[in-house]
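Undergrad: Have a peek at protein.cif (mmCIF, C-alpha atoms and all ligand atoms).
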```cif
data_work
#
loop_
_atom_site.label_atom_id
_atom_site.label_comp_id
_atom_site.auth_asym_id
_atom_site.auth_seq_id
_atom_site.Cartn_x
_atom_site.Cartn_y
_atom_site.Cartn_z
CA MET A 943 -65.58 -1.92 42.45
CA LYS A 944 -64.42 -4.29 45.18
CA ARG A 945 -60.75 -4.98 45.76
CA GLN A 946 -59.75 -8.47 44.97
CA LYS A 947 -56.83 -10.69 45.93
CA ALA A 948 -54.46 -11.35 43.11
CA ILE A 949 -54.34 -14.73 41.48
CA PRO A 950 -50.76 -15.93 41.90
CA LEU A 951 -48.95 -16.67 38.63
CA GLU A 952 -45.85 -18.77 38.03
CA SER A 953 -43.28 -16.48 39.66
CA ASP A 954 -45.66 -14.80 42.07
CA ASN A 955 -45.92 -16.45 45.45
CA SER A 956 -47.10 -13.45 47.40
CA TYR A 957 -50.70 -13.38 48.56
CA ASN A 958 -50.45 -9.84 49.93
CA ASN A 959 -51.06 -8.23 46.57
CA PHE A 960 -54.13 -6.40 45.41
CA ILE A 961 -55.38 -5.92 41.90
CA ARG A 962 -56.22 -2.34 40.97
CA SER A 963 -59.87 -1.61 40.23
CA VAL A 964 -60.93 -0.16 36.90
CA SER A 965 -62.18 3.36 37.57
CA LYS A 966 -63.15 4.48 34.05
CA ILE A 967 -63.29 3.21 30.49
CA ILE A 968 -63.16 5.90 27.84
CA LYS A 969 -63.56 5.32 24.12
CA SER A 970 -60.98 7.19 22.07
CA GLU A 971 -62.37 9.70 19.59
CA ALA A 972 -61.54 9.93 15.91
CA THR A 973 -59.96 13.26 15.03
CA GLN A 974 -57.25 14.77 12.84
CA ASP A 975 -54.11 16.76 13.49
CA GLY A 976 -51.16 18.15 11.54
CA GLU A 977 -51.99 18.18 7.80
CA GLY A 978 -54.98 15.95 8.48
CA VAL A 979 -53.42 12.81 9.96
CA THR A 980 -56.15 10.39 11.08
CA LEU A 981 -56.01 9.84 14.85
CA ASN A 982 -57.90 8.29 17.73
CA ARG A 983 -57.42 10.60 20.71
CA SER A 984 -57.90 9.13 24.20
CA PHE A 985 -57.19 12.38 26.02
CA PRO A 986 -57.35 15.29 26.46
CA ASN A 987 -61.12 15.43 25.90
CA GLN A 988 -64.26 16.42 27.80
CA TYR A 989 -63.77 13.56 30.29
CA ILE A 990 -60.11 14.01 31.21
CA SER A 991 -57.86 16.99 30.53
CA GLU A 992 -54.75 15.11 31.62
CA PHE A 993 -53.77 12.06 33.62
CA ASP A 994 -50.77 13.16 35.67
CA PRO A 995 -47.93 12.81 34.54
CA PHE A 996 -49.44 12.25 31.04
CA LEU A 997 -50.85 15.04 28.89
CA LEU A 998 -52.07 13.34 25.71
CA LEU A 999 -52.44 9.94 24.08
CA ASP A 1000 -53.05 9.67 20.34
CA GLU A 1001 -53.31 6.51 18.30
CA ILE A 1002 -52.07 7.34 14.79
CA GLY A 1003 -54.31 5.40 12.39
CA PRO A 1004 -54.64 2.47 12.01
CA ILE A 1005 -55.21 3.48 8.41
CA ASN A 1006 -54.31 2.20 4.96
CA ILE A 1007 -52.57 5.00 3.14
CA LYS A 1008 -53.00 5.13 -0.63
CA PRO A 1009 -49.82 5.76 -2.63
CA GLY A 1010 -48.84 9.44 -2.40
CA LYS A 1011 -51.56 10.24 0.14
CA GLN A 1012 -49.78 10.06 3.51
CA ARG A 1013 -49.99 13.28 5.48
CA GLY A 1014 -47.68 14.41 8.23
CA PHE A 1015 -47.05 17.00 10.91
CA PRO A 1016 -45.16 19.96 9.37
CA ASP A 1017 -42.90 22.25 11.47
CA HIS A 1018 -44.30 22.87 14.96
CA PRO A 1019 -42.77 23.72 18.35
CA HIS A 1020 -42.82 21.93 21.72
CA ARG A 1021 -41.71 23.18 25.15
CA GLY A 1022 -41.95 21.85 28.69
CA PHE A 1023 -42.66 18.13 28.13
CA GLU A 1024 -41.71 14.97 26.20
CA THR A 1025 -43.22 13.36 23.11
CA VAL A 1026 -42.96 9.60 22.79
CA THR A 1027 -43.62 8.18 19.31
CA TYR A 1028 -44.05 4.42 19.01
CA LEU A 1029 -44.68 3.26 15.47
CA LEU A 1030 -46.22 -0.18 14.96
CA GLU A 1031 -46.49 0.04 11.19
CA GLY A 1032 -45.41 2.58 8.58
CA LYS A 1033 -42.53 5.05 8.38
CA PHE A 1034 -42.04 8.64 9.48
CA GLU A 1035 -39.23 11.00 8.74
CA HIS A 1036 -38.45 13.57 11.42
CA LYS A 1037 -36.33 16.69 11.32
CA ASP A 1038 -35.74 19.44 13.87
CA SER A 1039 -34.50 23.01 14.00
CA GLN A 1040 -31.11 21.94 15.38
CA GLY A 1041 -30.29 19.61 12.52
CA HIS A 1042 -31.36 16.39 14.22
CA ALA A 1043 -33.07 14.13 11.65
CA GLY A 1044 -33.87 10.50 11.01
CA ILE A 1045 -36.43 7.86 10.14
CA ILE A 1046 -38.79 6.15 12.55
CA ASN A 1047 -39.47 2.64 11.20
CA SER A 1048 -42.07 0.06 12.20
CA GLY A 1049 -41.50 -0.99 15.80
CA ASP A 1050 -39.14 1.88 16.66
CA VAL A 1051 -39.53 4.31 19.53
CA GLN A 1052 -38.52 7.94 19.60
CA TRP A 1053 -38.51 9.45 23.10
CA MET A 1054 -38.02 13.18 22.59
CA THR A 1055 -37.53 15.43 25.60
CA ALA A 1056 -38.44 18.83 24.17
CA GLY A 1057 -37.36 20.61 27.38
CA SER A 1058 -36.60 24.28 26.63
CA GLY A 1059 -37.83 23.91 23.07
CA VAL A 1060 -37.58 22.27 19.67
CA ILE A 1061 -39.27 22.97 16.36
CA HIS A 1062 -39.67 19.77 14.42
CA SER A 1063 -41.61 18.05 11.68
CA GLU A 1064 -42.83 14.46 11.44
CA MET A 1065 -43.49 13.73 7.77
CA PRO A 1066 -44.15 10.72 5.56
CA GLU A 1067 -40.98 8.91 4.59
CA LYS A 1068 -40.47 9.16 0.79
CA GLU A 1069 -40.53 5.49 -0.15
CA PHE A 1070 -43.46 4.64 2.16
CA SER A 1071 -45.36 7.64 0.91
CA LYS A 1072 -44.82 6.61 -2.72
CA ASN A 1073 -45.96 3.01 -2.21
CA GLY A 1074 -48.57 3.54 0.48
CA GLY A 1075 -49.32 0.97 3.17
CA LYS A 1076 -50.59 0.59 6.69
CA LEU A 1077 -49.85 3.35 9.17
CA HIS A 1078 -50.36 2.64 12.87
CA GLY A 1079 -48.67 4.03 15.94
CA PHE A 1080 -48.92 6.06 19.11
CA GLN A 1081 -47.88 9.40 20.43
CA LEU A 1082 -47.80 9.99 24.16
CA TRP A 1083 -47.02 13.31 25.83
CA VAL A 1084 -45.23 13.01 29.16
CA ASN A 1085 -45.11 16.08 31.38
CA LEU A 1086 -41.85 17.31 32.90
CA PRO A 1087 -41.49 18.59 36.46
CA LYS A 1088 -40.78 22.31 36.90
CA SER A 1089 -37.10 21.54 37.52
CA SER A 1090 -36.73 19.89 34.07
CA LYS A 1091 -39.07 21.93 31.87
CA MET A 1092 -36.22 24.07 30.54
CA MET A 1093 -33.63 21.29 30.21
CA LYS A 1094 -31.62 20.93 27.02
CA PRO A 1095 -33.61 18.96 24.41
CA ARG A 1096 -32.71 15.26 24.29
CA TYR A 1097 -33.53 12.37 21.96
CA GLN A 1098 -33.57 8.68 22.70
CA GLU A 1099 -34.16 6.63 19.59
CA ILE A 1100 -34.55 2.92 20.04
CA LEU A 1101 -34.75 0.59 17.07
CA GLN A 1102 -37.29 -2.22 17.21
CA SER A 1103 -34.48 -4.81 17.49
CA LYS A 1104 -33.08 -3.05 20.59
CA ILE A 1105 -36.32 -2.84 22.58
CA PRO A 1106 -36.07 -5.32 25.47
CA THR A 1107 -38.69 -8.05 25.23
CA GLY A 1108 -39.99 -10.34 27.97
CA THR A 1109 -41.93 -13.59 27.51
CA THR A 1110 -43.58 -16.16 29.73
CA LYS A 1111 -42.09 -19.69 29.73
CA ASP A 1112 -44.86 -20.96 27.44
CA ASP A 1113 -44.42 -17.99 25.03
CA ASN A 1114 -48.12 -17.15 25.20
CA ILE A 1115 -47.51 -13.68 26.58
CA THR A 1116 -44.87 -11.29 25.30
CA VAL A 1117 -44.10 -7.75 26.35
CA LYS A 1118 -42.02 -5.00 24.75
CA VAL A 1119 -40.52 -2.94 27.53
CA ILE A 1120 -40.21 0.64 26.35
CA ALA A 1121 -40.01 2.02 29.89
CA GLY A 1122 -39.98 0.22 33.24
CA GLU A 1123 -39.76 -3.54 33.79
CA SER A 1124 -41.86 -6.60 32.98
CA LEU A 1125 -41.45 -10.39 32.70
CA GLY A 1126 -37.76 -10.11 33.51
CA ALA A 1127 -37.00 -7.48 30.86
CA LYS A 1128 -35.80 -4.00 31.75
CA ALA A 1129 -36.07 -0.86 29.59
CA ILE A 1130 -33.00 0.86 28.19
CA ILE A 1131 -34.66 4.26 27.89
CA ASN A 1132 -33.98 6.77 30.66
CA THR A 1133 -36.95 8.74 31.87
CA ILE A 1134 -36.89 12.01 33.83
CA THR A 1135 -39.54 10.89 36.31
CA PRO A 1136 -40.33 7.18 36.84
CA ILE A 1137 -42.43 5.93 33.89
CA MET A 1138 -43.69 2.52 32.79
CA TYR A 1139 -44.52 1.93 29.10
CA LEU A 1140 -45.29 -1.70 28.23
CA HIS A 1141 -46.75 -3.28 25.08
CA PHE A 1142 -48.34 -6.64 25.92
CA LYS A 1143 -49.48 -9.33 23.50
CA LEU A 1144 -51.55 -12.15 25.03
CA GLU A 1145 -52.67 -15.21 23.11
CA PRO A 1146 -56.44 -15.92 23.45
CA GLY A 1147 -57.39 -17.12 26.95
CA PHE A 1148 -54.15 -16.09 28.68
CA ARG A 1149 -53.79 -13.63 31.53
CA ILE A 1150 -51.10 -11.74 33.34
CA VAL A 1151 -50.81 -9.84 36.60
CA GLN A 1152 -48.33 -6.98 36.22
CA PRO A 1153 -46.80 -5.46 39.39
CA ILE A 1154 -47.26 -1.68 39.61
CA PRO A 1155 -45.31 0.60 41.97
CA LYS A 1156 -47.90 1.87 44.43
CA GLU A 1157 -47.45 5.59 43.70
CA TYR A 1158 -48.00 5.20 39.92
CA ASN A 1159 -51.05 6.42 38.02
CA VAL A 1160 -51.78 3.75 35.39
CA PHE A 1161 -53.90 3.35 32.28
CA ALA A 1162 -54.21 0.73 29.55
CA TYR A 1163 -55.09 1.20 25.89
CA VAL A 1164 -56.50 -1.68 23.85
CA ILE A 1165 -54.73 -1.90 20.48
CA GLN A 1166 -56.30 -5.10 19.22
CA GLY A 1167 -58.70 -7.83 20.34
CA LYS A 1168 -60.85 -8.06 23.46
CA GLY A 1169 -60.10 -8.67 27.11
CA VAL A 1170 -60.90 -7.94 30.74
CA PHE A 1171 -59.01 -5.92 33.33
CA ASP A 1172 -60.84 -7.10 36.40
CA PRO A 1173 -61.02 -10.81 37.37
CA SER A 1174 -64.43 -10.30 39.03
CA ASP A 1175 -65.99 -8.58 36.05
CA SER A 1176 -66.68 -10.21 32.70
CA ASN A 1177 -67.17 -6.93 30.81
CA LYS A 1178 -64.99 -7.13 27.75
CA VAL A 1179 -63.01 -4.12 26.66
CA GLU A 1180 -62.52 -3.74 22.93
CA ARG A 1181 -59.89 -2.04 20.80
CA GLY A 1182 -59.76 1.74 20.87
CA ASN A 1183 -60.67 2.00 24.56
CA LEU A 1184 -58.68 3.62 27.35
CA VAL A 1185 -58.91 1.93 30.75
CA ILE A 1186 -58.07 4.04 33.80
CA PHE A 1187 -57.16 2.23 37.00
CA ASP A 1188 -57.67 3.30 40.60
CA THR A 1189 -54.63 3.52 42.86
CA ASP A 1190 -56.05 0.88 45.23
CA GLY A 1191 -53.58 -1.89 44.54
CA ASN A 1192 -50.09 -2.88 43.44
CA GLU A 1193 -50.98 -5.02 40.41
CA VAL A 1194 -52.90 -4.73 37.17
CA TYR A 1195 -54.82 -7.70 35.76
CA ILE A 1196 -54.97 -8.31 31.99
CA GLN A 1197 -56.80 -11.25 30.45
CA ALA A 1198 -57.39 -12.05 26.78
CA VAL A 1199 -60.80 -13.48 25.86
CA GLU A 1200 -60.75 -17.14 24.87
CA ASP A 1201 -63.00 -17.05 21.83
CA SER A 1202 -60.76 -14.98 19.61
CA LYS A 1203 -58.62 -15.63 16.55
CA ILE A 1204 -56.30 -12.73 17.27
CA PRO A 1205 -54.09 -11.96 20.27
CA PHE A 1206 -55.07 -9.27 22.77
CA GLU A 1207 -52.70 -6.34 22.48
CA VAL A 1208 -52.53 -3.65 25.11
CA LEU A 1209 -50.36 -0.71 26.04
CA LEU A 1210 -49.94 -0.40 29.80
CA ILE A 1211 -48.60 3.01 30.72
CA GLY A 1212 -47.99 4.53 34.14
CA GLY A 1213 -45.93 7.01 36.07
CA VAL A 1214 -45.49 8.91 39.29
CA PRO A 1215 -47.78 11.96 39.29
CA ILE A 1216 -45.87 15.26 39.23
CA ARG A 1217 -48.57 17.16 41.19
CA GLU A 1218 -47.66 20.63 39.94
CA PRO A 1219 -49.90 23.26 38.33
CA ILE A 1220 -50.32 22.79 34.56
CA THR A 1221 -50.85 25.62 32.12
CA ARG A 1222 -51.05 24.43 28.54
CA TYR A 1223 -51.37 26.28 25.29
CA GLY A 1224 -51.19 23.94 22.30
CA PRO A 1225 -47.63 22.61 22.10
CA PHE A 1226 -46.41 24.49 25.19
CA VAL A 1227 -46.99 22.96 28.64
CA MET A 1228 -45.70 24.99 31.57
CA ASN A 1229 -46.62 25.74 35.19
CA THR A 1230 -47.81 29.34 34.89
CA GLN A 1231 -49.47 31.63 32.33
CA GLN A 1232 -46.38 33.86 32.53
CA GLU A 1233 -44.22 30.96 31.34
CA ILE A 1234 -46.64 30.35 28.43
CA TYR A 1235 -46.32 34.02 27.33
CA LYS A 1236 -42.54 33.61 27.55
CA ALA A 1237 -42.69 30.44 25.43
CA ILE A 1238 -44.76 32.18 22.73
CA GLU A 1239 -42.38 35.16 22.78
CA ASP A 1240 -39.27 32.94 22.60
CA TYR A 1241 -40.81 30.97 19.73
CA ARG A 1242 -41.63 34.15 17.81
CA ASN A 1243 -38.13 35.49 18.41
CA GLY A 1244 -36.52 32.36 17.02
CA LYS A 1245 -35.11 31.20 20.37
CA PHE A 1246 -36.13 27.56 19.84
CA GLY A 1247 -32.82 26.81 18.11
CO CO A 1301 -44.27 17.08 17.54
#
```
What's the C-alpha cells form of this structure?
TA:
Amino acid sequence: MKRQKAIPLESDNSYNNFIRSVSKIIKSEATQDGEGVTLNRSFPNQYISEFDPFLLLDEIGPINIKPGKQRGFPDHPHRGFETVTYLLEGKFEHKDSQGHAGIINSGDVQWMTAGSGVIHSEMPEKEFSKNGGKLHGFQLWVNLPKSSKMMKPRYQEILQSKIPTGTTKDDNITVKVIAGESLGAKAIINTITPIMYLHFKLEPGFRIVQPIPKEYNVFAYVIQGKGVFDPSDSNKVERGNLVIFDTDGNEVYIQAVEDSKIPFEVLLIGGVPIREPITRYGPFVMNTQQEIYKAIEDYRNGKFG
C-alpha cells in the first residue's frame, strides 16, 4: 500500500508525518484455555508466532455466563515475560504462590511481570460466578529482554477509576491510556521496555491520527463496531480482527464508519521490538532451550515461590 500524508487534526500542524500502512488483517480464532474459558486468539497461530515484543493476544469472551457456569484458569506457572489482563466486563479473582491475591473488576488492569516465576490462578469471583453475567476482557503477553527475564515478580494493579483518560475537545473520541500517551493523557503504569497500550472509543464518523514512535511495532484489535485504518482504503475492518501495521510511518489512522449505531472501539498496542531469540514452551518464554529445561526443572522443584 502507498504511503500517504497525514490529515492534520486539531493539535497537529505538522505536514511531515506519514500514516503507517496496514500490512495484514488477521481474524482472531475462537478457542478455549484453562478450564474451558471461551477465547478469541489473535496470535500465536499459523500466520504469526509472535509480534515482537508481544507473544500472545487473547480476547476473553465476550460471553454471557450462566449462573454458576463461569470457568477460570486454575494454578499455572509463568516465567520470562509479563501478562497484562484488562477486563472490560465481569470479575476475576487471582491468587499466586507468594500470597498475592485480589479481584480484577470491570475496567481494571493487572500488569503482572512474572520475571523469574510465579504460579497463579485466575478464577471466577464468587458473587459474579453465582449470578452470572457478561464476561469480556483481554490478556496480552509482553516479552521481557534477556536482562529482565529473571527479575523479581512484580504486580501493577490499576483500578478503572485510576486509568488516565484522554478526550478530544468535542468528546467524540476518548482513550484509556494503559501504557504510553494519547490525547494529552499519560499512563501511570511502568513498563520494562517502551510499550503503548491504548483503548480508543470513536463515535460514528470520527477519526483520529495517533502519533507512534518510529521504532515501535504496532497492531490494532477491533473490539466493537466497524472502521478503517487507511484513509485511502475504504475496506472496513470489523470486530474480532487484528490489524498489523508496517513500520513505514510515525502515525496510525483510525476512523469509525458513519452509518453505525455503536461507537468504534479499538485497542492500539505497540512496543519497541526486543530482537532476541525466543524459545517458548507453554507458559515459559526464554532465550534458549537450556533456559526452558531449567524453568521446567525449577517449577518441578518448587522454586517458583
Ligand atoms: Co496466567
Undergrad: Closest to ligand CO 1301 (chain A) among A:Glu1207, A:Gly1182, A:Ile967, A:Phe1226, using all atoms listed in the file?
TA: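 Ranked by minimum distance to ligand CO 1301 (chain A), first place goes to A:Phe1226.
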Undergrad: Identify which of the residues A:Tyr1235, A:Tyr1028, A:Tyr1241, A:Phe996 lies closest to His1078 in chain A, counting only C-alpha atoms when measuring atom-to-atom distances.
TA: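 The shortest atom-to-atom distance to His1078 in chain A comes from A:Tyr1028.
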Undergrad: Pick out the residues no farther than 8 Å from ligand CO 1301 (chain A), counting only C-alpha atoms and all ligand atoms, and list them as JSON, numbers by chain.
TA: {"A": [1015, 1018, 1019, 1020, 1025, 1061, 1062, 1063, 1064, 1225]}
Undergrad: Using only C-alpha atoms, find the one residue out of A:Ile968, A:Ala1237, A:Leu1101, A:Ile1150 that sits nearest to Tyr1163 in chain A.
TA: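 Smallest distance to Tyr1163 in chain A is found for A:Ile968.
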Undergrad: Go ahead and compute the interatomic distance for CA of Glu1145 in chain A and CA of Val1117 in chain A, in Å to one decimal.
TA: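 Between CA of Glu1145 in chain A and CA of Val1117 in chain A the gap is 11.8 Å.
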Undergrad: Which neighbours of Asn1085 in chain A fall inside 9 Å, counting all atoms listed in the file, when residues of the same chain fewer than 3 positions from it are skipped, and could you give them as a list in words?
TA: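 Near neighbours after the sequence-gap exclusion: Asp994, Pro995, Phe996, Leu997, Gly1022, Phe1023, Glu1024, Thr1025, Lys1091, Ile1216, Val1227 and Met1228 of chain A.
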Undergrad: Quick one: everything within 10 Å of Ile1105 in chain A, counting only C-alpha atoms, minus sequence neighbours fewer than 6 positions away in the same chain. Send it as a short mmCIF file (atom, residue, chain, number, x, y, z; two decimals) with C-alpha atoms, in the coordinates of the input.
TA:
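Result saved to out_2.cif:
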```
data_model
loop_
_atom_site.label_atom_id
_atom_site.label_comp_id
_atom_site.auth_asym_id
_atom_site.auth_seq_id
_atom_site.Cartn_x
_atom_site.Cartn_y
_atom_site.Cartn_z
CA GLY A 1049 -41.50 -0.99 15.80
CA ASP A 1050 -39.14 1.88 16.66
CA VAL A 1051 -39.53 4.31 19.53
CA VAL A 1117 -44.10 -7.75 26.35
CA LYS A 1118 -42.02 -5.00 24.75
CA VAL A 1119 -40.52 -2.94 27.53
CA ILE A 1120 -40.21 0.64 26.35
CA ALA A 1121 -40.01 2.02 29.89
CA ALA A 1127 -37.00 -7.48 30.86
CA LYS A 1128 -35.80 -4.00 31.75
CA ALA A 1129 -36.07 -0.86 29.59
CA ILE A 1130 -33.00 0.86 28.19
CA ILE A 1131 -34.66 4.26 27.89
#
```
Undergrad: May I ask which of the residues A:Asn1132, A:Asn959, A:Ser1058, A:Arg1181 is the closest one to Pro1155 in chain A, counting all atoms listed in the file?
TA: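 That would be A:Asn959, the residue with the smallest distance to Pro1155 in chain A.
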Undergrad: Can you work out which one of A:Phe1070, A:Phe1187, A:Tyr989, A:Phe1161 has the shortest atom-to-atom distance to Asn1047 in chain A, counting all atoms listed in the file?
TA: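 Answer, going by the shortest atom-to-atom distance: A:Phe1070.
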Undergrad: Taking all atoms listed in the file into account, name the residue in A:Phe1171, A:Phe1142, A:Tyr1158, A:Tyr1223 that is nearest to Thr1110 in chain A.
TA: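 Of the candidates, the smallest distance to Thr1110 in chain A is held by A:Phe1142.
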Undergrad: Padding 3 Å on each side, edges along x, y and z: where is the centre of the box around the listed atoms of range 1217-1236 of chain A, and how long are its edges in Å to one decimal? Output it as AutoDock Vina command-line options.
TA:
```
--center_x -47.0 --center_y 25.6 --center_z 31.6 --size_x 14.8 --size_y 22.9 --size_z 25.1
```
Undergrad: To one decimal place in Å, what is the distance between CA of Tyr1139 in chain A and CA of Gly1191 in chain A?
TA: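 Atom-to-atom, CA of Tyr1139 in chain A and CA of Gly1191 in chain A are spaced 18.3 Å apart.
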Undergrad: Just give me the residues with any atom within 10 Å of (-47.7, -5.2, 39.3), file coordinates, counting only C-alpha atoms, written as an mmCIF file with C-alpha atoms, in the coordinates of the input.
TA:
```cif
data_model
loop_
_atom_site.group_PDB
_atom_site.id
_atom_site.type_symbol
_atom_site.label_atom_id
_atom_site.label_comp_id
_atom_site.auth_asym_id
_atom_site.auth_seq_id
_atom_site.Cartn_x
_atom_site.Cartn_y
_atom_site.Cartn_z
ATOM 1 C CA ALA A 948 -54.460 -11.350 43.110
ATOM 2 C CA ASN A 959 -51.060 -8.230 46.570
ATOM 3 C CA PHE A 960 -54.130 -6.400 45.410
ATOM 4 C CA ILE A 961 -55.380 -5.920 41.900
ATOM 5 C CA ARG A 962 -56.220 -2.340 40.970
ATOM 6 C CA GLU A 1123 -39.760 -3.540 33.790
ATOM 7 C CA SER A 1124 -41.860 -6.600 32.980
ATOM 8 C CA ILE A 1150 -51.100 -11.740 33.340
ATOM 9 C CA VAL A 1151 -50.810 -9.840 36.600
ATOM 10 C CA GLN A 1152 -48.330 -6.980 36.220
ATOM 11 C CA PRO A 1153 -46.800 -5.460 39.390
ATOM 12 C CA ILE A 1154 -47.260 -1.680 39.610
ATOM 13 C CA PRO A 1155 -45.310 0.600 41.970
ATOM 14 C CA LYS A 1156 -47.900 1.870 44.430
ATOM 15 C CA GLY A 1191 -53.580 -1.890 44.540
ATOM 16 C CA ASN A 1192 -50.090 -2.880 43.440
ATOM 17 C CA GLU A 1193 -50.980 -5.020 40.410
ATOM 18 C CA VAL A 1194 -52.900 -4.730 37.170
ATOM 19 C CA TYR A 1195 -54.820 -7.700 35.760
#
```
Undergrad: Quick one, how far is CA of Ile1204 in chain A from CA of Ser965 in chain A?
TA: 26.6 Å
Undergrad: When you get a chance, write out N, CA, C and O atoms for range 990-1001 of chain A, as a PDB file, keeping the file's coordinate frame.
TA:
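Now in result.pdb:
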```
ATOM      1  N   ILE A 990     -61.361  13.777  30.478  1.00  0.00           N
ATOM      2  CA  ILE A 990     -60.110  14.010  31.210  1.00  0.00           C
ATOM      3  C   ILE A 990     -59.221  14.989  30.446  1.00  0.00           C
ATOM      4  O   ILE A 990     -58.981  14.819  29.250  1.00  0.00           O
ATOM      5  N   SER A 991     -58.730  16.002  31.168  1.00  0.00           N
ATOM      6  CA  SER A 991     -57.860  16.990  30.530  1.00  0.00           C
ATOM      7  C   SER A 991     -56.423  16.497  30.533  1.00  0.00           C
ATOM      8  O   SER A 991     -55.655  16.757  29.609  1.00  0.00           O
ATOM      9  N   GLU A 992     -56.052  15.768  31.593  1.00  0.00           N
ATOM     10  CA  GLU A 992     -54.750  15.110  31.620  1.00  0.00           C
ATOM     11  C   GLU A 992     -54.842  13.994  32.647  1.00  0.00           C
ATOM     12  O   GLU A 992     -55.811  13.900  33.395  1.00  0.00           O
ATOM     13  N   PHE A 993     -53.811  13.155  32.658  1.00  0.00           N
ATOM     14  CA  PHE A 993     -53.770  12.060  33.620  1.00  0.00           C
ATOM     15  C   PHE A 993     -52.325  12.049  34.134  1.00  0.00           C
ATOM     16  O   PHE A 993     -51.466  11.388  33.561  1.00  0.00           O
ATOM     17  N   ASP A 994     -52.090  12.868  35.120  1.00  0.00           N
ATOM     18  CA  ASP A 994     -50.770  13.160  35.670  1.00  0.00           C
ATOM     19  C   ASP A 994     -49.928  11.884  35.829  1.00  0.00           C
ATOM     20  O   ASP A 994     -50.397  10.949  36.498  1.00  0.00           O
ATOM     21  N   PRO A 995     -48.722  11.777  35.219  1.00  0.00           N
ATOM     22  CA  PRO A 995     -47.930  12.810  34.540  1.00  0.00           C
ATOM     23  C   PRO A 995     -48.136  12.858  33.010  1.00  0.00           C
ATOM     24  O   PRO A 995     -47.284  13.392  32.309  1.00  0.00           O
ATOM     25  N   PHE A 996     -49.245  12.305  32.486  1.00  0.00           N
ATOM     26  CA  PHE A 996     -49.440  12.250  31.040  1.00  0.00           C
ATOM     27  C   PHE A 996     -50.404  13.338  30.570  1.00  0.00           C
ATOM     28  O   PHE A 996     -51.380  13.642  31.250  1.00  0.00           O
ATOM     29  N   LEU A 997     -50.099  13.887  29.396  1.00  0.00           N
ATOM     30  CA  LEU A 997     -50.850  15.040  28.890  1.00  0.00           C
ATOM     31  C   LEU A 997     -51.716  14.717  27.688  1.00  0.00           C
ATOM     32  O   LEU A 997     -52.682  15.420  27.409  1.00  0.00           O
ATOM     33  N   LEU A 998     -51.354  13.679  26.956  1.00  0.00           N
ATOM     34  CA  LEU A 998     -52.070  13.340  25.710  1.00  0.00           C
ATOM     35  C   LEU A 998     -51.726  11.915  25.308  1.00  0.00           C
ATOM     36  O   LEU A 998     -50.603  11.465  25.518  1.00  0.00           O
ATOM     37  N   LEU A 999     -52.717  11.219  24.750  1.00  0.00           N
ATOM     38  CA  LEU A 999     -52.440   9.940  24.080  1.00  0.00           C
ATOM     39  C   LEU A 999     -53.214   9.901  22.770  1.00  0.00           C
ATOM     40  O   LEU A 999     -54.440   9.977  22.753  1.00  0.00           O
ATOM     41  N   ASP A1000     -52.461   9.808  21.675  1.00  0.00           N
ATOM     42  CA  ASP A1000     -53.050   9.670  20.340  1.00  0.00           C
ATOM     43  C   ASP A1000     -52.647   8.331  19.755  1.00  0.00           C
ATOM     44  O   ASP A1000     -51.485   7.938  19.842  1.00  0.00           O
ATOM     45  N   GLU A1001     -53.621   7.668  19.139  1.00  0.00           N
ATOM     46  CA  GLU A1001     -53.310   6.510  18.300  1.00  0.00           C
ATOM     47  C   GLU A1001     -53.306   7.041  16.870  1.00  0.00           C
ATOM     48  O   GLU A1001     -54.296   7.599  16.412  1.00  0.00           O
TER      49      GLU A1001
END
```
